[in-house]
Amino acid sequence: MASRAEDEQREPINEQAVANKYASMRTELNQIYSKITELEMEVGEHSLVINAIQPLDPTRRCFRMIGGVLVERTIQEVLPAVQRNKEGLEEVIARLNEALDKKKKEISDFEAKYKIRIRKPDGETKDDGGRKEGSAQGVLVGPAGGSE
């Protein structure tokens, strides 16, 4: 009996509280993943812009969106700013990756402490595999009766 009382003191009030805390931690983890993905896409866009304007004449006019306003500048003014923005985004991604690692460890420790295991039905994974094959083709087909 004494060991059960000790267990109850260490654990949250009930299983529902543990489940809610775990779900909250998983949500935070997914938010970090989403933000990293979003910022990586922005870094890719910055790289495309840098590669497109780098070989051009530095005095050539170009346009840049700043705070929702399109402004006219020269490439020599815009290129350093775009490169600084890209570097800043990369630093933020690095910090988010560190936060992601900490959150993963926190979730792993929480799972070990409360002996949490995630169960996935067998049928679900088979269905997903079948759908992925069909949708991954990426083919766009026009109307069948092309005689219009």
# chains A, B, ... in the order shown; residues from 1 in each chain; ligands from 1
$ residues_around --residues "A:Asp57" --least-positions-apart "2" --cutoff "12 Å" --atoms "only C-alpha atoms" --output "number ranges by chain"
A: 52-55, 59-62, 74-77, 79
$ residues_around --residues "stretch 39-42 of chain A" --least-positions-apart "5" --cutoff "10 Å" --atoms "only C-alpha atoms" --output "list of chain:residue names"
A:Ser34, A:Ser47, A:Leu48, A:Asn85, A:Lys86, A:Leu89, A:Glu90, A:Val92, A:Ile93, A:Leu96
$ residues_around --residues "stretch 103-107 of chain A" --least-positions-apart "4" --cutoff "10 Å" --atoms "only C-alpha atoms" --output "list in words"
Lys21, Tyr22, Ala23, Met25, Arg26, Glu28, Leu29, Ile32, Asn97, Glu98, Ala99, Glu111, Ala112, Lys113 and Ile116 of chain A
$ atom_distance --atom1 "atom CA of A:Arg119" --atom2 "atom CA of A:Glu38"
29.3 Å
$ atom_distance --atom1 "atom CA of A:Ser108" --atom2 "atom CA of A:Ile36"
20.4 Å
$ select_by_dssp --residues "stretch 4-115 of chain A" --states "strand (DSSP E)" --output "PDB file with N, CA, C and O atoms, in the first residue's frame"
ATOM      1  N   ARG A  61      18.228  48.186 -61.929  1.00  0.00           N
ATOM      2  CA  ARG A  61      17.095  48.401 -61.028  1.00  0.00           C
ATOM      3  C   ARG A  61      16.428  47.068 -60.696  1.00  0.00           C
ATOM      4  O   ARG A  61      16.362  46.173 -61.531  1.00  0.00           O
ATOM      5  N   CYS A  62      15.938  46.973 -59.461  1.00  0.00           N
ATOM      6  CA  CYS A  62      15.126  45.831 -59.081  1.00  0.00           C
ATOM      7  C   CYS A  62      14.097  46.302 -58.057  1.00  0.00           C
ATOM      8  O   CYS A  62      14.186  47.415 -57.543  1.00  0.00           O
ATOM      9  N   PHE A  63      13.121  45.495 -57.808  1.00  0.00           N
ATOM     10  CA  PHE A  63      12.056  45.849 -56.877  1.00  0.00           C
ATOM     11  C   PHE A  63      12.061  44.871 -55.719  1.00  0.00           C
ATOM     12  O   PHE A  63      12.307  43.689 -55.898  1.00  0.00           O
ATOM     13  N   ARG A  64      11.754  45.416 -54.546  1.00  0.00           N
ATOM     14  CA  ARG A  64      11.746  44.603 -53.340  1.00  0.00           C
ATOM     15  C   ARG A  64      10.543  44.979 -52.499  1.00  0.00           C
ATOM     16  O   ARG A  64      10.204  46.154 -52.368  1.00  0.00           O
ATOM     17  N   MET A  65       9.902  43.970 -51.940  1.00  0.00           N
ATOM     18  CA  MET A  65       8.756  44.203 -51.070  1.00  0.00           C
ATOM     19  C   MET A  65       9.267  44.408 -49.647  1.00  0.00           C
ATOM     20  O   MET A  65       9.929  43.541 -49.078  1.00  0.00           O
ATOM     21  N   ILE A  66       8.973  45.587 -49.086  1.00  0.00           N
ATOM     22  CA  ILE A  66       9.375  45.889 -47.710  1.00  0.00           C
ATOM     23  C   ILE A  66       8.126  46.306 -46.949  1.00  0.00           C
ATOM     24  O   ILE A  66       7.522  47.337 -47.235  1.00  0.00           O
ATOM     25  N   VAL A  69       5.108  47.122 -49.022  1.00  0.00           N
ATOM     26  CA  VAL A  69       5.269  48.191 -50.014  1.00  0.00           C
ATOM     27  C   VAL A  69       6.369  47.785 -50.994  1.00  0.00           C
ATOM     28  O   VAL A  69       7.466  47.403 -50.592  1.00  0.00           O
ATOM     29  N   LEU A  70       6.071  47.890 -52.270  1.00  0.00           N
ATOM     30  CA  LEU A  70       7.048  47.572 -53.300  1.00  0.00           C
ATOM     31  C   LEU A  70       7.931  48.792 -53.526  1.00  0.00           C
ATOM     32  O   LEU A  70       7.438  49.870 -53.860  1.00  0.00           O
ATOM     33  N   VAL A  71       9.239  48.645 -53.310  1.00  0.00           N
ATOM     34  CA  VAL A  71      10.170  49.760 -53.463  1.00  0.00           C
ATOM     35  C   VAL A  71      11.189  49.452 -54.555  1.00  0.00           C
ATOM     36  O   VAL A  71      11.549  48.299 -54.780  1.00  0.00           O
ATOM     37  N   GLU A  72      11.626  50.503 -55.210  1.00  0.00           N
ATOM     38  CA  GLU A  72      12.617  50.355 -56.279  1.00  0.00           C
ATOM     39  C   GLU A  72      14.006  50.612 -55.703  1.00  0.00           C
ATOM     40  O   GLU A  72      14.236  51.621 -55.051  1.00  0.00           O
ATOM     41  N   ARG A  73      14.912  49.695 -55.961  1.00  0.00           N
ATOM     42  CA  ARG A  73      16.288  49.795 -55.488  1.00  0.00           C
ATOM     43  C   ARG A  73      17.205  49.290 -56.596  1.00  0.00           C
ATOM     44  O   ARG A  73      16.752  48.871 -57.643  1.00  0.00           O
ATOM     45  N   THR A  74      18.511  49.302 -56.314  1.00  0.00           N
ATOM     46  CA  THR A  74      19.455  48.688 -57.242  1.00  0.00           C
ATOM     47  C   THR A  74      19.872  47.340 -56.657  1.00  0.00           C
ATOM     48  O   THR A  74      19.724  47.100 -55.464  1.00  0.00           O
TER      49      THR A  74
END
$ atom_distance --atom1 "atom CA of A:Ile118" --atom2 "atom CA of A:Arg95"
28.2 Å
